[in-house]
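S.K.: Shown below is the structure under consideration.
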Amino acid sequence: MAPYSWFIMCAILMTVKVVFGNDCSSLTKLMSCDDCIRCGGHWCNDKDINTRCVASPSDNWCPNRQEELLVIGTRTDIKTMSKHSTRETTVKVGSQSVINYKNIEPKVKIVNTTQNNNFYIKTAKLSGKENWYVQVSPGNEFCSAKSKTLEQVYVEINVGDDKEVVEYHVPCACPCSERAEVFSKKCNNRGTYACGVCSCPSGWSGKYCENRETKCENIRGDLQCTNPARDDVECSGNGVCGPCEVCECYTDRPGSKYFDPENYCADICLTTSYCDECLSNPALGHCSDCHFPLIKMKYNETLLAEKDSADRRVWMTCNGTVDNCHVEYAAMKDEAGDVYVMVIKLCDHTNEASVAGGVNVTIPVVLTVLLVAAAAAATAGYLVWKSRPPPLPLADTQYQNIGAEDCVGSNPLYIPPTSYYNNPTYGKN
């Protein structure tokens with residue numbers, strides 16, 4: 001490789017180290033136990049101390065509160081038959097571990113590691129003697145932000161016919177980090193308390209998360225908490241204007257699951273009101289006139305009682321005006337972000353599909369049906385009356401032999417089904 005190529009490669013590696021590596025230039029500025037350990041420092045868990053991370057602890061620094069790291073004691077397992085052995089030991093970032101060998105120069109290689117690089121191995125001969133040694137040292141770049149409490153490096157060391165595998169354990173995180181208190185009282189019920197310090201959420205700062213941050217970036221304008229395109233109500237009436245003129249939406253109000261902090265805490269009714277043409281259109285299914293996925297469904301009253309796993313209503317009832325026409329509808333948003341609406345009333349007319357069972361019946365329709373049936377019955381009766389046979393004239397022979405006595409109650413035309421006669425044998429033996 002040409003000299004200038006090597007120089008360029010070194011410059012690139014140095015740049016990568018500065019950009020992506022751990023900043024260990026000043027241990028006293030580190031405010032995380034894990035960062036301190038990754039840089040080879042010593043950490044104090046005392047919440048009242050000012051200097052928490054130091055390179056070399058003194059006797060009066062952090063008495064009885066220094067964080068104790070996990071350490072695997074040196075263990076050796078010698079297999080006499082194969083002459084192979086294994087060994088475990090712990091080496092901290094910024095320190096060294098040395099293993100001595102007699103007479104023969106050892107050959108070393110890394111056979112496995114849980115980290116990528118920055119683990120240094122040195123083989124040298126002891127000054128003035130025939131003995132050799134192997135020295136390892138994890139650098140400041142060995143541990144990453146995602147490292148566990150202990151990381152491992154497996155090194156194979158061959159000395160003549162003998163082979164040894166050494167498992168080096170490197171502390172990369174503090175055990176106290178695994179015992180974090182979320183929303184701790186020590187942090188004003190806002191931050192997470194671990195290793196003697198409070199980690200504050202966005203918008204809060206201070207030793208105990210007691211100060212609201214006032215330094216703001218990327219402010220969108222003077223009307224940060226109001227929507228000039230809609231109204232001048234702060235955060236759409238669904239929140240308050242927080243630090244840096246950013247809306248903080250309420251979480252304990254009906255429909256708050258749909259409040260959008262990126263859109264002035266707009267609720268689902270405000271969102272769907274942008275698609276008024278879809279609300280007034282009787283067509284069902286996906287609405288192509290809306291700028292976001294909106295599906296119009298047939299109204300089903302039973303769906304309004306649905307709740308999610310947090311016992312919150314899924315469907316919200318909304319009201320609006322479309323072209324001077326009052327509209328009442330229900331809306332909801334699923335996990336995929338699709339919005340569904342069901343029109344309940346449009347222009348003061350109840351949706352015919354609102355009746356249970358899907359029967360489209362309304363009071364005006366029922367009255368109309370009854371009036372039509374009554375008119376049909378009257379017409380049929382008139383036609384029957386008009387087509388009746390004409391009455392018989394009084395000169396008809398059927399009326400000729402009727403005397404006055406017949407008008408009293410006897411009908412001369414009536415012939416009984418049997419005739420009267422005398423039985424000549426009745427009363428004789």
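Chain labels follow the order of the structure tokens: the first chain is A, the next B, and so on; residue numbering restarts at 1 in every chain, and ligands are counted from 1 in their shown order.
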Name the residues in contact with Gln224 in chain A at a cut-off of 12 Å, using only C-alpha atoms, excluding same-chain residues fewer than 2 positions from it; report them as a CSV table (one decimal) with N, CA, C and O atoms, in the first residue's frame.

M.R.:
chain,number,residue,atom,x,y,z
A,218,ASN,N,-36.2,25.0,16.5
A,218,ASN,CA,-37.2,24.6,15.4
A,218,ASN,C,-38.6,25.1,15.8
A,218,ASN,O,-39.6,24.4,15.6
A,219,ILE,N,-38.8,26.3,16.3
A,219,ILE,CA,-40.1,26.9,16.6
A,219,ILE,C,-40.7,27.2,15.2
A,219,ILE,O,-40.1,27.9,14.4
A,220,ARG,N,-41.9,26.8,15.0
A,220,ARG,CA,-42.6,27.0,13.7
A,220,ARG,C,-43.1,28.4,13.5
A,220,ARG,O,-43.3,28.8,12.3
A,221,GLY,N,-43.3,29.1,14.5
A,221,GLY,CA,-43.9,30.5,14.3
A,221,GLY,C,-44.5,31.1,15.6
A,221,GLY,O,-44.4,30.5,16.6
A,222,ASP,N,-45.1,32.2,15.5
A,222,ASP,CA,-45.6,32.9,16.6
A,222,ASP,C,-46.9,32.2,17.1
A,222,ASP,O,-47.4,32.4,18.2
A,226,THR,N,-51.7,27.5,18.2
A,226,THR,CA,-53.0,27.8,17.6
A,226,THR,C,-52.9,27.5,16.1
A,226,THR,O,-51.9,27.7,15.5
A,227,ASN,N,-54.0,27.1,15.6
A,227,ASN,CA,-54.1,26.8,14.1
A,227,ASN,C,-54.7,27.9,13.4
A,227,ASN,O,-56.0,28.0,13.4
A,228,PRO,N,-54.0,28.7,12.7
A,228,PRO,CA,-54.6,29.9,12.0
A,228,PRO,C,-55.5,29.5,10.9
A,228,PRO,O,-56.4,30.2,10.5
A,232,ASP,N,-58.6,30.1,16.5
A,232,ASP,CA,-57.5,30.7,17.3
A,232,ASP,C,-57.6,30.1,18.7
A,232,ASP,O,-57.1,30.7,19.7
A,233,VAL,N,-58.2,28.9,18.9
A,233,VAL,CA,-58.3,28.3,20.2
A,233,VAL,C,-57.0,27.5,20.4
A,233,VAL,O,-56.6,26.8,19.6
A,234,GLU,N,-56.5,27.8,21.6
A,234,GLU,CA,-55.2,27.1,21.9
A,234,GLU,C,-55.3,25.6,22.0
A,234,GLU,O,-56.1,25.1,22.6
A,235,CYS,N,-54.4,25.0,21.2
A,235,CYS,CA,-54.4,23.5,21.1
A,235,CYS,C,-55.7,22.9,20.8
A,235,CYS,O,-56.1,21.8,21.4
A,236,SER,N,-56.5,23.6,20.0
A,236,SER,CA,-57.9,23.1,19.6
A,236,SER,C,-58.8,22.8,20.8
A,236,SER,O,-59.8,22.1,20.7
A,240,VAL,N,-52.9,22.1,26.3
A,240,VAL,CA,-52.3,23.4,26.8
A,240,VAL,C,-51.0,23.6,26.1
A,240,VAL,O,-50.4,22.7,25.6
A,241,CYS,N,-50.6,24.9,26.0
A,241,CYS,CA,-49.4,25.3,25.3
A,241,CYS,C,-48.2,25.1,26.3
A,241,CYS,O,-48.2,25.7,27.3
A,242,GLY,N,-47.4,24.1,26.0
A,242,GLY,CA,-46.3,23.7,26.9
A,242,GLY,C,-45.0,24.4,26.6
A,242,GLY,O,-45.0,25.5,25.9
A,243,PRO,N,-43.9,23.9,27.1
A,243,PRO,CA,-42.6,24.5,26.8
A,243,PRO,C,-42.3,24.6,25.3
A,243,PRO,O,-42.7,23.8,24.5
A,244,CYS,N,-41.6,25.7,24.9
A,244,CYS,CA,-41.2,25.9,23.5
A,244,CYS,C,-42.4,26.0,22.6
A,244,CYS,O,-42.3,25.6,21.4
A,245,GLU,N,-43.5,26.5,23.1
A,245,GLU,CA,-44.7,26.7,22.3
A,245,GLU,C,-45.1,25.4,21.6
A,245,GLU,O,-45.4,25.4,20.4
A,246,VAL,N,-45.2,24.3,22.3
A,246,VAL,CA,-45.6,23.0,21.8
A,246,VAL,C,-46.8,22.5,22.5
A,246,VAL,O,-46.8,22.6,23.8
A,247,CYS,N,-47.8,22.1,21.8
A,247,CYS,CA,-49.1,21.6,22.5
A,247,CYS,C,-48.8,20.3,23.3
A,247,CYS,O,-48.2,19.4,22.8
A,248,GLU,N,-49.4,20.3,24.5
A,248,GLU,CA,-49.4,19.1,25.3
A,248,GLU,C,-50.9,18.7,25.4
A,248,GLU,O,-51.7,19.4,26.0
A,261,PRO,N,-50.8,15.5,18.8
A,261,PRO,CA,-50.0,16.6,19.3
A,261,PRO,C,-49.2,17.3,18.2
A,261,PRO,O,-48.8,18.4,18.3
A,262,GLU,N,-49.1,16.6,17.0
A,262,GLU,CA,-48.4,17.2,15.9
A,262,GLU,C,-49.4,18.1,15.0
A,262,GLU,O,-48.9,18.7,14.1
A,263,ASN,N,-50.6,18.1,15.4
A,263,ASN,CA,-51.6,18.9,14.7
A,263,ASN,C,-52.5,19.7,15.7
A,263,ASN,O,-53.7,19.6,15.6
A,264,TYR,N,-51.9,20.4,16.6
A,264,TYR,CA,-52.6,21.3,17.5
A,264,TYR,C,-53.6,20.5,18.4
A,264,TYR,O,-54.7,21.0,18.7
A,265,CYS,N,-53.3,19.2,18.7
A,265,CYS,CA,-54.2,18.3,19.5
A,265,CYS,C,-55.5,18.2,18.8
A,265,CYS,O,-56.5,18.0,19.5

S.K.: What gap, in Å, lies between CA of Ile110 in chain A and CA of Lys129 in chain A?

M.R.: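 Computing the Euclidean distance for CA of Ile110 in chain A and CA of Lys129 in chain A yields 26.7 Å.
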
S.K.: Hey, can you check how far CA of Lys29 in chain A sits from CA of Cys44 in chain A?

M.R.: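 Going from CA of Lys29 in chain A over to CA of Cys44 in chain A, I get 13.2 Å.
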
S.K.: Go through range 214-282 of chain A residue by residue and, counting only C-alpha atoms, keep those with an atom at most 9 Å from range 337-348 of chain A; for each kept residue give the shortest atom pair and its distance in Å to one decimal, ordered by chain and increasing number, as a Markdown table.

M.R.:
| residue | atom | partner | partner_atom | distance |
| --- | --- | --- | --- | --- |
| A:Ile268 | CA | A:Val339 | CA | 8.6 |
| A:Thr272 | CA | A:Val339 | CA | 8.1 |
| A:Leu279 | CA | A:Val343 | CA | 7.0 |
| A:Ser280 | CA | A:Leu346 | CA | 7.4 |

S.K.: Hey, what's within 7 Å of Cys287 in chain A if we count only C-alpha atoms and toss same-chain stuff fewer than 5 positions away? As a ChimeraX atom specification, please?

M.R.: /A:278,294-295

S.K.: Could you save the residues just selected, with N, CA, C and O atoms, as an mmCIF file, in the first residue's frame?

M.R.:
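File produced: part_6.cif:
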data_model
loop_
_atom_site.group_PDB
_atom_site.id
_atom_site.type_symbol
_atom_site.label_atom_id
_atom_site.label_comp_id
_atom_site.auth_asym_id
_atom_site.auth_seq_id
_atom_site.Cartn_x
_atom_site.Cartn_y
_atom_site.Cartn_z
ATOM 1 N N CYS A 278 -67.153 13.792 1.566
ATOM 2 C CA CYS A 278 -67.389 12.365 1.798
ATOM 3 C C CYS A 278 -68.573 12.158 2.740
ATOM 4 O O CYS A 278 -69.311 11.172 2.615
ATOM 5 N N LEU A 294 -60.058 7.212 4.365
ATOM 6 C CA LEU A 294 -61.342 7.350 5.035
ATOM 7 C C LEU A 294 -62.327 6.383 4.388
ATOM 8 O O LEU A 294 -62.491 6.382 3.166
ATOM 9 N N ILE A 295 -62.952 5.553 5.224
ATOM 10 C CA ILE A 295 -63.908 4.555 4.752
ATOM 11 C C ILE A 295 -65.266 4.853 5.375
ATOM 12 O O ILE A 295 -65.375 5.005 6.592
#
